[in-house]
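Participant: File input27.cif below, mmCIF, C-alpha atoms:
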```cif
data_target
loop_
_atom_site.label_atom_id
_atom_site.label_comp_id
_atom_site.auth_asym_id
_atom_site.auth_seq_id
_atom_site.Cartn_x
_atom_site.Cartn_y
_atom_site.Cartn_z
CA MET A 1176 0.00 0.00 0.00
CA SER A 1177 1.65 3.20 -1.15
CA VAL A 1178 0.69 6.50 -2.63
CA SER A 1179 -1.17 7.25 -5.83
CA LEU A 1180 -0.76 10.54 -7.65
CA THR A 1181 -2.88 12.10 -10.37
CA THR A 1182 -2.25 15.50 -11.85
CA ARG A 1183 -4.77 17.85 -13.42
CA GLN A 1184 -4.65 21.37 -14.66
CA VAL A 1185 -6.85 24.12 -13.25
CA GLY A 1186 -6.04 27.21 -15.26
CA ASP A 1187 -2.29 27.60 -14.97
CA VAL A 1188 -2.15 25.73 -11.67
CA THR A 1189 -1.14 22.07 -11.60
CA VAL A 1190 -3.09 20.21 -8.96
CA VAL A 1191 -1.60 16.94 -7.75
CA ASP A 1192 -4.13 14.72 -6.00
CA LEU A 1193 -2.37 12.32 -3.65
CA ALA A 1194 -3.91 9.34 -1.90
CA GLY A 1195 -2.44 6.74 0.42
CA ARG A 1196 0.77 6.74 2.38
CA ILE A 1197 3.80 8.95 1.85
CA THR A 1198 6.48 7.01 3.68
CA LEU A 1199 10.10 6.06 3.08
CA GLY A 1200 10.32 3.90 -0.03
CA GLU A 1201 7.75 3.89 -2.82
CA GLY A 1202 5.59 6.64 -1.38
CA SER A 1203 8.26 9.27 -0.92
CA SER A 1204 10.01 8.26 -4.17
CA ALA A 1205 6.79 8.62 -6.14
CA LEU A 1206 6.22 12.12 -4.78
CA ARG A 1207 9.83 13.13 -5.47
CA GLU A 1208 9.71 11.90 -9.05
CA ALA A 1209 6.35 13.50 -9.73
CA LEU A 1210 7.52 16.89 -8.50
CA ARG A 1211 10.80 16.68 -10.40
CA ASP A 1212 8.86 15.78 -13.53
CA LEU A 1213 6.52 18.75 -13.11
CA VAL A 1214 9.39 21.15 -12.52
CA SER A 1215 11.34 19.82 -15.51
CA LYS A 1216 8.29 20.44 -17.68
CA GLY A 1217 8.06 24.01 -16.53
CA HIS A 1218 5.11 23.74 -14.14
CA LYS A 1219 5.68 26.50 -11.65
CA LYS A 1220 2.36 26.66 -9.83
CA VAL A 1221 1.87 23.41 -7.98
CA LEU A 1222 -0.92 22.62 -5.55
CA LEU A 1223 -0.59 19.35 -3.61
CA ASN A 1224 -3.97 18.03 -2.55
CA LEU A 1225 -3.26 15.88 0.51
CA GLY A 1226 -6.91 15.25 1.38
CA GLU A 1227 -6.67 11.51 0.84
CA VAL A 1228 -3.23 11.03 2.36
CA SER A 1229 -3.76 8.72 5.30
CA TYR A 1230 -0.22 8.65 6.62
CA ILE A 1231 3.02 10.53 6.25
CA ASP A 1232 6.31 9.90 8.03
CA SER A 1233 9.42 12.02 8.49
CA SER A 1234 10.66 10.92 5.07
CA GLY A 1235 7.39 12.10 3.51
CA ILE A 1236 7.69 15.39 5.35
CA GLY A 1237 11.21 15.65 3.94
CA GLU A 1238 9.87 15.15 0.43
CA LEU A 1239 7.31 17.92 0.91
CA VAL A 1240 10.11 20.22 2.04
CA SER A 1241 12.32 19.11 -0.83
CA GLY A 1242 9.52 19.73 -3.32
CA PHE A 1243 8.84 23.14 -1.82
CA THR A 1244 12.50 24.09 -2.14
CA THR A 1245 12.82 22.71 -5.67
CA VAL A 1246 9.78 24.53 -6.98
CA THR A 1247 10.67 27.75 -5.16
CA ASN A 1248 14.23 27.67 -6.50
CA GLN A 1249 12.80 27.48 -10.01
CA GLY A 1250 10.84 30.63 -9.38
CA GLY A 1251 7.60 28.76 -8.75
CA GLN A 1252 5.23 28.20 -5.88
CA LEU A 1253 4.19 24.98 -4.14
CA LYS A 1254 1.16 25.07 -1.88
CA LEU A 1255 -0.77 22.50 0.12
CA LEU A 1256 -4.49 21.74 0.07
CA ASN A 1257 -6.86 19.77 2.31
CA LEU A 1258 -4.58 18.61 5.08
CA THR A 1259 -5.95 15.82 7.23
CA LYS A 1260 -5.77 16.36 10.97
CA ARG A 1261 -2.84 13.98 11.16
CA VAL A 1262 -0.80 15.79 8.53
CA LYS A 1263 -1.74 19.20 9.91
CA ASP A 1264 -0.62 18.14 13.39
CA LEU A 1265 2.69 16.91 11.98
CA LEU A 1266 3.35 20.14 10.13
CA GLN A 1267 2.48 22.15 13.21
CA ILE A 1268 4.70 20.15 15.54
CA THR A 1269 7.61 20.44 13.09
CA LYS A 1270 6.99 24.18 12.63
CA LEU A 1271 6.45 23.67 8.90
CA TYR A 1272 2.82 24.76 8.96
CA THR A 1273 3.95 28.36 8.69
CA VAL A 1274 6.50 27.56 5.97
CA PHE A 1275 3.89 26.17 3.59
CA ASP A 1276 0.94 28.11 2.26
CA VAL A 1277 -1.92 25.84 3.33
CA HIS A 1278 -5.49 25.97 2.02
CA ASP A 1279 -8.78 24.22 2.72
CA ASP A 1280 -10.63 25.37 -0.39
CA GLU A 1281 -9.35 24.48 -3.84
CA ALA A 1282 -10.83 27.43 -5.68
CA ALA A 1283 -9.35 29.85 -3.17
CA ALA A 1284 -6.03 28.03 -3.31
CA VAL A 1285 -5.91 28.30 -7.11
CA ARG A 1286 -6.73 31.99 -6.94
CA SER A 1287 -3.98 32.54 -4.37
CA PHE A 1288 -1.22 31.79 -6.90
CA SER A 1289 0.31 34.99 -8.15
CA MET B 479 14.99 -14.12 26.44
CA GLU B 480 17.56 -11.54 25.52
CA GLN B 481 15.40 -8.53 26.00
CA ASN B 482 14.24 -7.71 29.48
CA THR B 483 11.41 -5.21 29.59
CA GLY B 484 11.21 -4.98 33.33
CA GLY B 485 9.71 -8.35 34.14
CA GLU B 486 6.83 -8.08 31.69
CA ALA B 487 6.12 -11.06 29.46
CA PRO B 488 6.89 -9.93 25.89
CA ALA B 489 3.79 -9.91 23.76
CA VAL B 490 5.94 -10.03 20.68
CA GLU B 491 9.60 -10.75 20.08
CA LYS B 492 10.81 -10.81 16.48
CA LEU B 493 14.02 -10.86 14.53
CA LEU B 494 13.46 -8.91 11.34
CA ASP B 495 15.45 -8.55 8.14
CA SER B 496 16.97 -5.16 7.36
CA THR B 497 14.34 -4.21 4.81
CA LEU B 498 11.61 -1.61 4.50
CA GLU B 499 9.07 -4.47 4.62
CA SER B 500 10.30 -5.09 8.15
CA VAL B 501 9.44 -1.51 9.01
CA ASP B 502 5.84 -2.16 7.98
CA SER B 503 5.84 -5.42 9.94
CA ALA B 504 7.18 -3.74 13.07
CA GLU B 505 4.54 -1.05 12.85
CA SER B 506 1.71 -3.57 12.35
CA LEU B 507 2.85 -5.85 15.16
CA VAL B 508 3.16 -3.05 17.68
CA LEU B 509 -0.13 -1.49 16.62
CA ALA B 510 -1.95 -4.75 17.31
CA ILE B 511 -0.53 -4.84 20.82
CA ALA B 512 -1.28 -1.18 21.40
CA ARG B 513 -4.90 -1.76 20.41
CA GLN B 514 -5.11 -4.66 22.85
CA ALA B 515 -3.67 -2.39 25.52
CA GLY B 516 -6.54 0.03 24.98
CA PHE B 517 -4.88 2.92 23.16
CA GLN B 518 -7.23 5.00 21.01
CA GLU B 519 -6.83 6.51 17.55
CA ASP B 520 -4.60 9.54 18.16
CA ALA B 521 -2.30 7.59 20.47
CA LEU B 522 -2.23 4.68 18.02
CA ASP B 523 -1.13 7.06 15.27
CA GLN B 524 1.63 8.38 17.48
CA ILE B 525 2.84 4.92 18.49
CA ALA B 526 2.78 3.78 14.87
CA MET B 527 4.83 6.70 13.71
CA ALA B 528 7.33 6.40 16.56
CA VAL B 529 7.85 2.71 15.84
CA ARG B 530 8.16 3.40 12.11
CA GLU B 531 10.78 6.10 12.64
CA CYS B 532 12.85 3.92 14.97
CA ALA B 533 12.55 0.89 12.70
CA VAL B 534 13.62 2.99 9.71
CA ASN B 535 16.63 4.21 11.69
CA ALA B 536 17.56 0.62 12.54
CA VAL B 537 17.17 -0.66 8.96
CA VAL B 538 18.55 2.31 7.05
CA HIS B 539 21.02 4.09 9.31
CA GLY B 540 21.93 1.25 11.67
CA ASN B 541 22.09 -1.91 9.60
CA ARG B 542 22.28 -0.07 6.25
CA TYR B 543 19.99 -2.65 4.65
CA SER B 544 22.61 -5.37 5.28
CA ALA B 545 21.25 -8.86 4.70
CA ALA B 546 23.70 -10.09 7.33
CA LYS B 547 22.26 -7.89 10.06
CA LYS B 548 18.95 -8.15 11.86
CA VAL B 549 16.57 -5.82 13.63
CA ARG B 550 15.22 -7.11 16.92
CA LEU B 551 11.75 -5.98 17.90
CA SER B 552 10.22 -6.50 21.30
CA ALA B 553 6.90 -5.11 22.46
CA SER B 554 4.91 -5.70 25.61
CA LYS B 555 1.89 -4.27 27.33
CA THR B 556 1.00 -3.98 30.94
CA GLN B 557 -1.84 -2.17 32.57
CA GLY B 558 -1.55 1.34 31.40
CA ARG B 559 1.46 1.29 29.13
CA ILE B 560 3.19 -0.20 26.12
CA THR B 561 6.94 -0.72 25.95
CA VAL B 562 8.70 -1.21 22.62
CA THR B 563 12.37 -2.04 22.15
CA ILE B 564 14.07 -1.94 18.74
CA SER B 565 17.71 -2.79 18.28
CA ASP B 566 20.06 -2.97 15.32
CA GLN B 567 23.60 -4.16 14.66
CA GLY B 568 24.96 -0.90 13.33
CA SER B 569 27.79 1.30 14.49
CA GLY B 570 25.57 3.30 16.80
CA PHE B 571 24.37 6.87 16.93
CA ASN B 572 23.99 9.64 19.42
CA PRO B 573 20.52 11.23 19.22
CA ASP B 574 21.96 14.42 20.67
CA ASP B 575 24.09 14.79 17.54
CA VAL B 576 20.99 15.32 15.40
CA PRO B 577 20.53 19.04 14.71
CA ASP B 578 17.43 20.63 16.23
CA PRO B 579 14.85 20.38 13.42
CA LEU B 580 12.91 23.31 14.86
CA ALA B 581 15.82 25.73 14.59
CA GLU B 582 15.16 28.34 11.94
CA GLU B 583 18.20 27.33 9.93
CA ASN B 584 17.09 23.69 9.90
CA LEU B 585 13.43 24.09 9.00
CA LEU B 586 14.02 23.40 5.32
CA ARG B 587 16.27 20.40 5.86
CA THR B 588 14.88 17.32 4.17
CA SER B 589 15.82 14.93 6.98
CA GLY B 590 16.51 14.86 10.70
CA ARG B 591 12.94 14.94 12.08
CA GLY B 592 12.51 11.27 13.00
CA ILE B 593 13.95 11.29 16.51
CA PHE B 594 12.25 14.61 17.23
CA LEU B 595 8.87 13.07 16.36
CA VAL B 596 9.58 9.99 18.47
CA ARG B 597 10.36 12.17 21.48
CA ALA B 598 7.24 14.23 20.84
CA PHE B 599 4.91 11.24 20.56
CA MET B 600 6.18 8.89 23.25
CA ASP B 601 6.39 9.41 27.00
CA GLU B 602 9.81 7.82 27.33
CA PHE B 603 12.61 7.42 24.81
CA ARG B 604 15.90 5.82 25.74
CA VAL B 605 18.92 4.97 23.63
CA ARG B 606 21.54 2.43 24.66
CA ARG B 607 24.72 1.35 22.89
CA LEU B 608 25.02 -2.41 22.65
CA ASP B 609 28.23 -4.38 23.10
CA PRO B 610 29.98 -5.14 20.78
CA GLU B 611 27.84 -3.30 18.23
CA GLY B 612 24.42 -1.89 17.70
CA THR B 613 21.92 0.49 19.19
CA GLU B 614 18.86 -0.28 21.25
CA VAL B 615 16.04 2.20 21.58
CA THR B 616 13.23 1.82 24.09
CA LEU B 617 9.89 3.55 23.65
CA VAL B 618 7.22 3.76 26.33
CA LYS B 619 3.77 5.25 26.12
CA TYR B 620 1.24 5.44 28.92
CA LEU B 621 -2.50 5.22 28.44
CA GLY B 622 -4.03 8.64 28.87
CA ALA B 623 -0.76 10.56 28.65
CA LYS B 624 0.19 13.14 25.98
#
```
How does the structure come out when it is put into structure tokens?

Facilitator:
Amino acid sequence: MSVSLTTRQVGDVTVVDLAGRITLGEGSSALREALRDLVSKGHKKVLLNLGEVSYIDSSGIGELVSGFTTVTNQGGQLKLLNLTKRVKDLLQITKLYTVFDVHDDEAAAVRSFS
Amino acid sequence: MEQNTGGEAPAVEKLLDSTLESVDSAESLVLAIARQAGFQEDALDQIAMAVRECAVNAVVHGNRYSAAKKVRLSASKTQGRITVTISDQGSGFNPDDVPDPLAEENLLRTSGRGIFLVRAFMDEFRVRRLDPEGTEVTLVKYLGAK
């Protein structure tokens, strides 16, 4: 049981819908590769929808941070959508909740991209 | 019995290969015991993550995926608490050497949060160097705490 990712385009924002577990191994690798692929193709407005992510470990958190840094360094923006309570708690306890731009409403999140 | 968890009868005692599948196994085995012990959802999540982080450390950083090295898992429950011990055959580590992941300059590091999360989620966390090699970590969580 790992993570599944599907990407869709909403205007000029690329929404990545993730479901499952983002843990060391397949889950974190899949997220890393997906984000690298998006960046290499020039996608600079990335919204990660974590609404169906049931579990994330420190490796998964590391991949979120890595993705954030990668996209930001390319002049883009990476934002988070629909955090579960578990993921929100993790980001708060690790002080990353204030690093990421986090949204609960997709339309508002898409509009927030500059 | 090589592991002594304070006179409690171990509910599980396993020797696991140094693979990521073993990490999943360790998490599942301990979760089953924690449920039996009466822990509820939030605490179960915390125990699962703490065990996962320690098992990953044992497999990846301790044994470095070596097929020749094993991870030993022991978990027991008594009234009001669960005790988990995970040991590897690696060269050892000092948890105090891990940079503070909450420091401003470390917030964007992509690793180094595992031990921090274990400390945050469990009521006790102890690390012991084994002779001649290896590291043993002990995790304790009390019902109703944190």

Participant: Pick out the chain B residues within 9 Å of chain A. Count only C-alpha atoms. Give them as a list in words.

Facilitator: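 Close to chain A, chain B has Leu498, Asp520, Asp523, Met527, Arg530, Glu531, Val534, Pro579, Leu580, Leu585, Leu586, Arg587, Thr588, Ser589, Gly590, Arg591, Gly592, Phe594, Leu595 and Ala598 of chain B.
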
Participant: With distances taken over all atoms listed in the file, which of A:Leu1222, A:Leu1193, A:Ala1284, A:Leu1210 is nearest to Gln1249 of chain A?

Facilitator: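 Comparing A:Leu1222, A:Leu1193, A:Ala1284, A:Leu1210 against Gln1249 of chain A, the winner is A:Leu1210.
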
Participant: Using atom CA of Ser1177 of chain A and atom CA of Val1221 of chain A as the two end points, give the distance in Å to one decimal.

Facilitator: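 Answer for the atom CA of Ser1177 of chain A to atom CA of Val1221 of chain A separation: 21.3 Å.
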
Participant: Between B:Ala545, B:Leu617, B:Ala504, B:Ala553, which is the closest to Val490 of chain B once you count only C-alpha atoms?

Facilitator: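 Ranking B:Ala545, B:Leu617, B:Ala504, B:Ala553 by distance to Val490 of chain B, first place goes to B:Ala553.
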
Participant: On this structure, the PyMOL selection byres ((chain B and resi 537) around 12) would catch which residues? List them as number ranges by chain, sorted by chain and number.

Facilitator: A: 1199; B: 494-502, 504, 530-536, 538-551, 564-568, 612-613

Participant: May I have the residues from that selection written out with C-alpha atoms, as a PDB file, in the frame of the given file?

Facilitator:
```
ATOM      1  CA  LEU A1199      10.100   6.060   3.080  1.00  0.00           C
TER       2      LEU A1199
ATOM      3  CA  LEU B 494      13.460  -8.910  11.340  1.00  0.00           C
ATOM      4  CA  ASP B 495      15.450  -8.550   8.140  1.00  0.00           C
ATOM      5  CA  SER B 496      16.970  -5.160   7.360  1.00  0.00           C
ATOM      6  CA  THR B 497      14.340  -4.210   4.810  1.00  0.00           C
ATOM      7  CA  LEU B 498      11.610  -1.610   4.500  1.00  0.00           C
ATOM      8  CA  GLU B 499       9.070  -4.470   4.620  1.00  0.00           C
ATOM      9  CA  SER B 500      10.300  -5.090   8.150  1.00  0.00           C
ATOM     10  CA  VAL B 501       9.440  -1.510   9.010  1.00  0.00           C
ATOM     11  CA  ASP B 502       5.840  -2.160   7.980  1.00  0.00           C
ATOM     12  CA  ALA B 504       7.180  -3.740  13.070  1.00  0.00           C
ATOM     13  CA  ARG B 530       8.160   3.400  12.110  1.00  0.00           C
ATOM     14  CA  GLU B 531      10.780   6.100  12.640  1.00  0.00           C
ATOM     15  CA  CYS B 532      12.850   3.920  14.970  1.00  0.00           C
ATOM     16  CA  ALA B 533      12.550   0.890  12.700  1.00  0.00           C
ATOM     17  CA  VAL B 534      13.620   2.990   9.710  1.00  0.00           C
ATOM     18  CA  ASN B 535      16.630   4.210  11.690  1.00  0.00           C
ATOM     19  CA  ALA B 536      17.560   0.620  12.540  1.00  0.00           C
ATOM     20  CA  VAL B 538      18.550   2.310   7.050  1.00  0.00           C
ATOM     21  CA  HIS B 539      21.020   4.090   9.310  1.00  0.00           C
ATOM     22  CA  GLY B 540      21.930   1.250  11.670  1.00  0.00           C
ATOM     23  CA  ASN B 541      22.090  -1.910   9.600  1.00  0.00           C
ATOM     24  CA  ARG B 542      22.280  -0.070   6.250  1.00  0.00           C
ATOM     25  CA  TYR B 543      19.990  -2.650   4.650  1.00  0.00           C
ATOM     26  CA  SER B 544      22.610  -5.370   5.280  1.00  0.00           C
ATOM     27  CA  ALA B 545      21.250  -8.860   4.700  1.00  0.00           C
ATOM     28  CA  ALA B 546      23.700 -10.090   7.330  1.00  0.00           C
ATOM     29  CA  LYS B 547      22.260  -7.890  10.060  1.00  0.00           C
ATOM     30  CA  LYS B 548      18.950  -8.150  11.860  1.00  0.00           C
ATOM     31  CA  VAL B 549      16.570  -5.820  13.630  1.00  0.00           C
ATOM     32  CA  ARG B 550      15.220  -7.110  16.920  1.00  0.00           C
ATOM     33  CA  LEU B 551      11.750  -5.980  17.900  1.00  0.00           C
ATOM     34  CA  ILE B 564      14.070  -1.940  18.740  1.00  0.00           C
ATOM     35  CA  SER B 565      17.710  -2.790  18.280  1.00  0.00           C
ATOM     36  CA  ASP B 566      20.060  -2.970  15.320  1.00  0.00           C
ATOM     37  CA  GLN B 567      23.600  -4.160  14.660  1.00  0.00           C
ATOM     38  CA  GLY B 568      24.960  -0.900  13.330  1.00  0.00           C
ATOM     39  CA  GLY B 612      24.420  -1.890  17.700  1.00  0.00           C
ATOM     40  CA  THR B 613      21.920   0.490  19.190  1.00  0.00           C
TER      41      THR B 613
END
```

Participant: Given the choices B:Lys619, B:Ser503, B:Asn572, B:Gln524, which gets closest to Arg607 of chain B if the distance is worked out from all atoms listed in the file?

Facilitator: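 Counting all atoms listed in the file, the residue closest to Arg607 of chain B is B:Asn572.
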
Participant: N, CA and C atoms are needed for segment 1219-1232 of chain A; please write them out as an mmCIF file, in the frame of the given file.

Facilitator:
```cif
data_model
loop_
_atom_site.group_PDB
_atom_site.id
_atom_site.type_symbol
_atom_site.label_atom_id
_atom_site.label_comp_id
_atom_site.auth_asym_id
_atom_site.auth_seq_id
_atom_site.Cartn_x
_atom_site.Cartn_y
_atom_site.Cartn_z
ATOM 1 N N LYS A 1219 5.148 25.692 -12.746
ATOM 2 C CA LYS A 1219 5.680 26.500 -11.650
ATOM 3 C C LYS A 1219 4.633 26.854 -10.593
ATOM 4 N N LYS A 1220 3.405 26.440 -10.840
ATOM 5 C CA LYS A 1220 2.360 26.660 -9.830
ATOM 6 C C LYS A 1220 1.784 25.295 -9.482
ATOM 7 N N VAL A 1221 2.205 24.788 -8.350
ATOM 8 C CA VAL A 1221 1.870 23.410 -7.980
ATOM 9 C C VAL A 1221 1.074 23.402 -6.677
ATOM 10 N N LEU A 1222 -0.074 22.732 -6.734
ATOM 11 C CA LEU A 1222 -0.920 22.620 -5.550
ATOM 12 C C LEU A 1222 -1.054 21.137 -5.199
ATOM 13 N N LEU A 1223 -0.520 20.756 -4.047
ATOM 14 C CA LEU A 1223 -0.590 19.350 -3.610
ATOM 15 C C LEU A 1223 -1.838 19.154 -2.768
ATOM 16 N N ASN A 1224 -2.749 18.340 -3.292
ATOM 17 C CA ASN A 1224 -3.970 18.030 -2.550
ATOM 18 C C ASN A 1224 -3.729 16.773 -1.705
ATOM 19 N N LEU A 1225 -3.604 16.980 -0.399
ATOM 20 C CA LEU A 1225 -3.260 15.880 0.510
ATOM 21 C C LEU A 1225 -4.496 15.321 1.230
ATOM 22 N N GLY A 1226 -5.669 15.631 0.698
ATOM 23 C CA GLY A 1226 -6.910 15.250 1.380
ATOM 24 C C GLY A 1226 -7.083 13.762 1.604
ATOM 25 N N GLU A 1227 -6.517 12.957 0.721
ATOM 26 C CA GLU A 1227 -6.670 11.510 0.840
ATOM 27 C C GLU A 1227 -5.389 10.825 1.316
ATOM 28 N N VAL A 1228 -4.476 11.608 1.834
ATOM 29 C CA VAL A 1228 -3.230 11.030 2.360
ATOM 30 C C VAL A 1228 -3.487 10.570 3.800
ATOM 31 N N SER A 1229 -3.397 9.282 4.004
ATOM 32 C CA SER A 1229 -3.760 8.720 5.300
ATOM 33 C C SER A 1229 -2.588 8.731 6.283
ATOM 34 N N TYR A 1230 -1.381 8.833 5.746
ATOM 35 C CA TYR A 1230 -0.220 8.650 6.620
ATOM 36 C C TYR A 1230 0.981 9.295 5.966
ATOM 37 N N ILE A 1231 1.777 9.954 6.766
ATOM 38 C CA ILE A 1231 3.020 10.530 6.250
ATOM 39 C C ILE A 1231 4.061 10.430 7.354
ATOM 40 N N ASP A 1232 5.264 10.017 7.009
ATOM 41 C CA ASP A 1232 6.310 9.900 8.030
ATOM 42 C C ASP A 1232 7.348 11.000 7.832
#
```
